[in-house]
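Below is run-v3.txt, which holds compact mmCIF, N, CA and C atoms.
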```
# COMPACT_ATOMS: atom_id res chain seq x y z
N ARG A 720 0.82 -1.18 0.00
CA ARG A 720 0.00 0.00 0.00
C ARG A 720 0.87 1.24 0.00
N GLY A 721 0.34 2.27 -0.59
CA GLY A 721 1.07 3.52 -0.67
C GLY A 721 0.61 4.50 0.38
N LEU A 722 0.87 5.78 0.12
CA LEU A 722 0.49 6.85 1.03
C LEU A 722 -1.02 6.89 1.22
N GLY A 723 -1.76 6.63 0.17
CA GLY A 723 -3.21 6.61 0.24
C GLY A 723 -3.77 5.59 -0.73
N ASP A 724 -4.89 5.00 -0.39
CA ASP A 724 -5.53 4.01 -1.24
C ASP A 724 -7.01 4.35 -1.36
N VAL A 725 -7.61 3.89 -2.44
CA VAL A 725 -9.05 4.04 -2.64
C VAL A 725 -9.65 2.66 -2.81
N TYR A 726 -10.65 2.35 -2.00
CA TYR A 726 -11.34 1.08 -2.07
C TYR A 726 -12.68 1.30 -2.76
N LYS A 727 -12.95 0.49 -3.77
CA LYS A 727 -14.18 0.62 -4.54
C LYS A 727 -15.02 -0.64 -4.36
N ARG A 728 -16.22 -0.47 -3.86
CA ARG A 728 -17.19 -1.56 -3.75
C ARG A 728 -18.54 -1.00 -4.18
N GLN A 729 -19.19 -1.69 -5.08
CA GLN A 729 -20.47 -1.22 -5.61
C GLN A 729 -21.49 -1.00 -4.49
N GLU A 730 -21.53 -1.92 -3.53
CA GLU A 730 -22.52 -1.83 -2.45
C GLU A 730 -22.26 -0.68 -1.48
N PHE A 731 -20.98 -0.31 -1.30
CA PHE A 731 -20.63 0.64 -0.25
C PHE A 731 -19.97 1.92 -0.76
N GLY A 732 -19.76 2.04 -2.07
CA GLY A 732 -19.15 3.24 -2.62
C GLY A 732 -17.64 3.24 -2.50
N ASN A 733 -17.05 4.39 -2.80
CA ASN A 733 -15.59 4.56 -2.75
C ASN A 733 -15.18 5.13 -1.40
N HIS A 734 -14.10 4.59 -0.85
CA HIS A 734 -13.59 5.08 0.43
C HIS A 734 -12.07 5.20 0.32
N GLY A 735 -11.54 6.33 0.70
CA GLY A 735 -10.10 6.55 0.69
C GLY A 735 -9.50 6.33 2.07
N THR A 736 -8.27 5.87 2.09
CA THR A 736 -7.53 5.71 3.34
C THR A 736 -6.16 6.37 3.18
N TYR A 737 -5.52 6.67 4.30
CA TYR A 737 -4.18 7.24 4.24
C TYR A 737 -3.35 6.72 5.40
N ARG A 738 -2.04 6.85 5.25
CA ARG A 738 -1.10 6.51 6.32
C ARG A 738 0.11 7.41 6.19
N LEU A 739 0.50 8.04 7.28
CA LEU A 739 1.70 8.86 7.34
C LEU A 739 2.61 8.31 8.43
N THR A 740 3.89 8.22 8.13
CA THR A 740 4.85 7.70 9.11
C THR A 740 6.04 8.64 9.21
N ALA A 741 6.72 8.58 10.35
CA ALA A 741 7.92 9.39 10.56
C ALA A 741 8.88 8.63 11.48
N ASN A 742 10.16 8.79 11.22
CA ASN A 742 11.22 8.24 12.07
C ASN A 742 12.23 9.34 12.36
N HIS A 743 12.82 9.28 13.53
CA HIS A 743 13.87 10.23 13.89
C HIS A 743 15.04 9.46 14.50
N VAL A 744 16.22 9.65 13.94
CA VAL A 744 17.43 9.03 14.45
C VAL A 744 18.11 10.02 15.38
N SER A 745 18.28 9.63 16.63
CA SER A 745 18.85 10.51 17.65
C SER A 745 20.35 10.70 17.43
N ARG A 746 20.78 11.94 17.45
CA ARG A 746 22.22 12.23 17.37
C ARG A 746 22.87 12.18 18.75
N GLN A 747 22.08 12.49 19.79
CA GLN A 747 22.61 12.50 21.16
C GLN A 747 22.78 11.09 21.72
N MET A 748 21.93 10.15 21.26
CA MET A 748 21.99 8.78 21.75
C MET A 748 22.12 7.84 20.55
N PRO A 749 23.33 7.52 20.12
CA PRO A 749 23.51 6.65 18.96
C PRO A 749 22.78 5.32 19.14
N GLY A 750 22.12 4.87 18.07
CA GLY A 750 21.39 3.62 18.11
C GLY A 750 19.92 3.77 18.44
N LEU A 751 19.48 4.97 18.86
CA LEU A 751 18.09 5.19 19.23
C LEU A 751 17.31 5.77 18.05
N ILE A 752 16.19 5.12 17.72
CA ILE A 752 15.30 5.59 16.66
C ILE A 752 13.91 5.77 17.27
N LEU A 753 13.35 6.97 17.12
CA LEU A 753 11.98 7.24 17.52
C LEU A 753 11.09 7.10 16.29
N LYS A 754 9.90 6.51 16.45
CA LYS A 754 9.04 6.26 15.30
C LYS A 754 7.59 6.57 15.65
N SER A 755 6.81 6.92 14.61
CA SER A 755 5.40 7.18 14.82
C SER A 755 4.66 7.03 13.49
N SER A 756 3.35 6.79 13.58
CA SER A 756 2.52 6.74 12.39
C SER A 756 1.08 7.06 12.76
N ILE A 757 0.32 7.46 11.74
CA ILE A 757 -1.09 7.79 11.90
C ILE A 757 -1.78 7.39 10.60
N GLY A 758 -3.01 6.90 10.70
CA GLY A 758 -3.68 6.50 9.47
C GLY A 758 -5.13 6.10 9.69
N THR A 759 -5.80 5.81 8.59
CA THR A 759 -7.19 5.39 8.61
C THR A 759 -7.32 4.04 7.93
N GLY A 760 -8.44 3.38 8.18
CA GLY A 760 -8.69 2.08 7.57
C GLY A 760 -10.13 1.93 7.15
N PHE A 761 -10.37 1.02 6.23
CA PHE A 761 -11.71 0.72 5.74
C PHE A 761 -11.81 -0.78 5.49
N ARG A 762 -12.90 -1.38 5.94
CA ARG A 762 -13.12 -2.81 5.69
C ARG A 762 -14.60 -3.04 5.41
N ALA A 763 -14.89 -3.55 4.22
CA ALA A 763 -16.26 -3.91 3.86
C ALA A 763 -16.53 -5.34 4.29
N PRO A 764 -17.76 -5.66 4.68
CA PRO A 764 -18.08 -7.05 5.03
C PRO A 764 -17.91 -7.97 3.83
N THR A 765 -17.50 -9.20 4.08
CA THR A 765 -17.34 -10.18 3.00
C THR A 765 -18.71 -10.72 2.59
N LEU A 766 -18.75 -11.37 1.45
CA LEU A 766 -20.01 -11.98 1.00
C LEU A 766 -20.50 -13.03 1.99
N GLY A 767 -19.57 -13.79 2.58
CA GLY A 767 -19.93 -14.79 3.58
C GLY A 767 -20.54 -14.16 4.83
N GLU A 768 -20.01 -13.02 5.25
CA GLU A 768 -20.55 -12.33 6.42
C GLU A 768 -21.95 -11.77 6.15
N ILE A 769 -22.21 -11.43 4.90
CA ILE A 769 -23.53 -10.87 4.55
C ILE A 769 -24.54 -11.98 4.22
N TYR A 770 -24.12 -12.94 3.36
CA TYR A 770 -25.07 -13.91 2.82
C TYR A 770 -24.83 -15.35 3.28
N GLY A 771 -23.85 -15.59 4.14
CA GLY A 771 -23.55 -16.95 4.60
C GLY A 771 -24.66 -17.53 5.46
N SER A 772 -24.44 -18.75 5.98
CA SER A 772 -25.47 -19.43 6.77
C SER A 772 -25.86 -18.64 8.02
N ALA A 773 -24.94 -17.92 8.61
CA ALA A 773 -25.24 -17.05 9.75
C ALA A 773 -25.06 -15.59 9.34
N GLY A 774 -25.29 -15.29 8.06
CA GLY A 774 -25.05 -13.95 7.53
C GLY A 774 -26.01 -12.91 8.06
N ASN A 775 -25.61 -11.68 7.87
CA ASN A 775 -26.40 -10.54 8.33
C ASN A 775 -26.41 -9.50 7.21
N THR A 776 -27.54 -9.31 6.58
CA THR A 776 -27.63 -8.37 5.45
C THR A 776 -27.63 -6.92 5.91
N ASN A 777 -27.66 -6.66 7.21
CA ASN A 777 -27.65 -5.29 7.73
C ASN A 777 -26.25 -4.80 8.10
N LEU A 778 -25.21 -5.58 7.77
CA LEU A 778 -23.84 -5.17 8.12
C LEU A 778 -23.43 -3.95 7.30
N ASN A 779 -22.66 -3.08 7.93
CA ASN A 779 -22.10 -1.89 7.27
C ASN A 779 -20.59 -2.00 7.26
N PRO A 780 -19.93 -1.22 6.42
CA PRO A 780 -18.47 -1.23 6.42
C PRO A 780 -17.92 -0.68 7.74
N GLU A 781 -16.70 -1.10 8.06
CA GLU A 781 -16.01 -0.62 9.26
C GLU A 781 -14.97 0.41 8.84
N MET A 782 -14.96 1.53 9.53
CA MET A 782 -13.95 2.56 9.29
C MET A 782 -13.19 2.78 10.59
N SER A 783 -11.89 2.98 10.50
CA SER A 783 -11.08 3.14 11.71
C SER A 783 -10.05 4.24 11.52
N PHE A 784 -9.56 4.72 12.67
CA PHE A 784 -8.48 5.71 12.74
C PHE A 784 -7.51 5.19 13.79
N GLY A 785 -6.24 5.22 13.49
CA GLY A 785 -5.27 4.73 14.45
C GLY A 785 -3.97 5.50 14.43
N TYR A 786 -3.23 5.36 15.52
CA TYR A 786 -1.91 5.98 15.60
C TYR A 786 -1.01 5.12 16.48
N ASP A 787 0.29 5.31 16.32
CA ASP A 787 1.25 4.63 17.19
C ASP A 787 2.51 5.47 17.32
N PHE A 788 3.23 5.22 18.38
CA PHE A 788 4.55 5.82 18.56
C PHE A 788 5.39 4.89 19.42
N GLY A 789 6.69 4.97 19.22
CA GLY A 789 7.57 4.09 19.98
C GLY A 789 9.03 4.37 19.69
N PHE A 790 9.86 3.40 20.06
CA PHE A 790 11.30 3.55 19.87
C PHE A 790 11.93 2.19 19.62
N ILE A 791 13.10 2.22 19.02
CA ILE A 791 13.96 1.06 18.86
C ILE A 791 15.35 1.51 19.29
N ASN A 792 16.00 0.71 20.13
CA ASN A 792 17.36 1.04 20.55
C ASN A 792 18.27 -0.11 20.16
N TYR A 793 19.23 0.17 19.30
CA TYR A 793 20.21 -0.82 18.85
C TYR A 793 21.44 -0.72 19.74
N PHE A 794 21.57 -1.66 20.68
CA PHE A 794 22.72 -1.68 21.57
C PHE A 794 23.95 -2.24 20.88
N SER A 795 23.74 -3.18 19.95
CA SER A 795 24.82 -3.77 19.17
C SER A 795 24.18 -4.40 17.93
N ASN A 796 24.99 -5.08 17.12
CA ASN A 796 24.45 -5.77 15.94
C ASN A 796 23.53 -6.92 16.32
N LYS A 797 23.66 -7.44 17.55
CA LYS A 797 22.88 -8.60 17.96
C LYS A 797 21.84 -8.30 19.03
N VAL A 798 21.90 -7.13 19.65
CA VAL A 798 21.00 -6.82 20.76
C VAL A 798 20.24 -5.53 20.45
N THR A 799 18.90 -5.64 20.40
CA THR A 799 18.04 -4.47 20.24
C THR A 799 16.91 -4.55 21.25
N PHE A 800 16.34 -3.40 21.53
CA PHE A 800 15.18 -3.32 22.41
C PHE A 800 14.27 -2.24 21.87
N GLY A 801 12.98 -2.52 21.87
CA GLY A 801 12.03 -1.53 21.39
C GLY A 801 10.67 -1.71 22.01
N SER A 802 9.88 -0.68 21.88
CA SER A 802 8.53 -0.72 22.39
C SER A 802 7.66 0.21 21.55
N THR A 803 6.39 -0.16 21.35
CA THR A 803 5.46 0.66 20.57
C THR A 803 4.12 0.69 21.27
N TYR A 804 3.54 1.87 21.38
CA TYR A 804 2.18 2.06 21.88
C TYR A 804 1.30 2.32 20.68
N PHE A 805 0.16 1.64 20.60
CA PHE A 805 -0.75 1.89 19.49
C PHE A 805 -2.19 1.99 19.99
N LYS A 806 -2.99 2.72 19.26
CA LYS A 806 -4.40 2.91 19.59
C LYS A 806 -5.19 2.93 18.30
N VAL A 807 -6.28 2.16 18.25
CA VAL A 807 -7.19 2.14 17.11
C VAL A 807 -8.55 2.57 17.62
N LEU A 808 -9.11 3.55 16.96
CA LEU A 808 -10.42 4.08 17.36
C LEU A 808 -11.47 3.69 16.35
```

Show me this structure written as structure tokens.
Amino acid sequence: RGLGDVYKRQEFGNHGTYRLTANHVSRQMPGLILKSSIGTGFRAPTLGEIYGSAGNTNLNPEMSFGYDFGFINYFSNKVTFGSTYFKVL
């Protein structure tokens, strides 16, 4: 996927999504990389979810917004440590 995508479904119309990311390499602390991203998502129900044996014809598409931030610390070529916090709304 690229910076933005467009999803086309006859039943649900066109929906655009985007994702932006950023990384920062610390000069004061060699080996430390700060990272973050923000974006949106779109998911249409599958045919099985709508028309299957337990299907539901009243399902609507799901839209989401999410972000994350974190770090990676390279202590050596063999030892790294990192952590990321993420939230999807």

message: Neighbouring residues of Tyr804 of chain A were defined as those with any atom within 7 Å, considering all atoms listed in the file; residues of the same chain fewer than 3 positions away were excluded. Please report them as a ChimeraX atom specification.
response: /A:786-790

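Minimum atom-to-atom distance to Asn733 of chain A, evaluated using only C-alpha atoms, belongs to A:Pro780 out of A:Leu751, A:Gly774, A:Pro780, A:Arg746.
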
task: For atom N of Asn792 of chain A and atom C of Gln747 of chain A, determine how far apart the two atoms are, in Å to one decimal place.
output: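 Atom-to-atom, atom N of Asn792 of chain A to atom C of Gln747 of chain A, that is 12.5 Å.
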
query: At what distance in Å, to one decimal, does atom C of Leu808 of chain A lie from atom CA of Asn775 of chain A?
result: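 Taking atom CA of Asn775 of chain A as the start and atom C of Leu808 of chain A as the end point, the length is 22.1 Å.
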
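Taking atom CA of Met782 of chain A and atom CA of Gly760 of chain A as the two end points, the separation is 5.6 Å.
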
- request: Using all atoms listed in the file, find the one residue out of A:Phe805, A:Phe761, A:Phe800, A:Phe784 that sits nearest to Gly735 of chain A.
  value: A:Phe761

With 4 Å of padding per side, what axis-aligned box (centre and edge lengths, Å, one decimal) covers all the listed atoms of segment 746-763 of chain A? Give it as JSON.
```
{"center_x": 3.5, "center_y": 3.6, "center_z": 12.8, "size_x": 48.0, "size_y": 25.8, "size_z": 25.9}
```

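Using only C-alpha atoms, the nearest neighbour of Ser756 of chain A within the list A:Val744, A:Gly732, A:Ala773, A:Lys806 is A:Lys806.
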
task: Give the answer as one residue: which of A:Ser745, A:Tyr793, A:Gly750, A:Asn779 has the shortest atom-to-atom distance to Phe731 of chain A, using only N, CA and C atoms?
output: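 Between A:Ser745, A:Tyr793, A:Gly750, A:Asn779, the residue approaching Phe731 of chain A most closely is A:Asn779.
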
message: Run DSSP on the backbone and tell me which residues of segment 759-805 of chain A come out as alpha helix (DSSP H); list them as a PyMOL selection string.
response: chain A and resi 766-770

- request: Rank nothing, just name the residue among A:Thr776, A:Ser783, A:Thr803, A:Thr740 nearest to Ile757 of chain A, using all atoms listed in the file.
  value: A:Thr740

- request: Output as a PyMOL selection string all residues of chain A that backbone DSSP marks as strand (DSSP E or B).
  value: chain A and resi 723-728+732-744+751-762+781-793+799-807

Exercise: residues within 6.5 Å of coordinate (-5.8, 7.6, 7.6), counting only N, CA and C atoms, as a list of chain:residue names: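 Checking each residue against the 6.5 Å limit leaves A:Thr736, A:Tyr737, A:Arg738, A:Leu739, A:Ile757, A:Gly758, A:Thr759, A:Gly760, A:Phe784, A:Gly785.
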
Selected residue, from A:Leu766, A:Ile791, A:Leu778, A:Val807, that lies nearest to Ile752 of chain A when counting only C-alpha atoms: A:Ile791
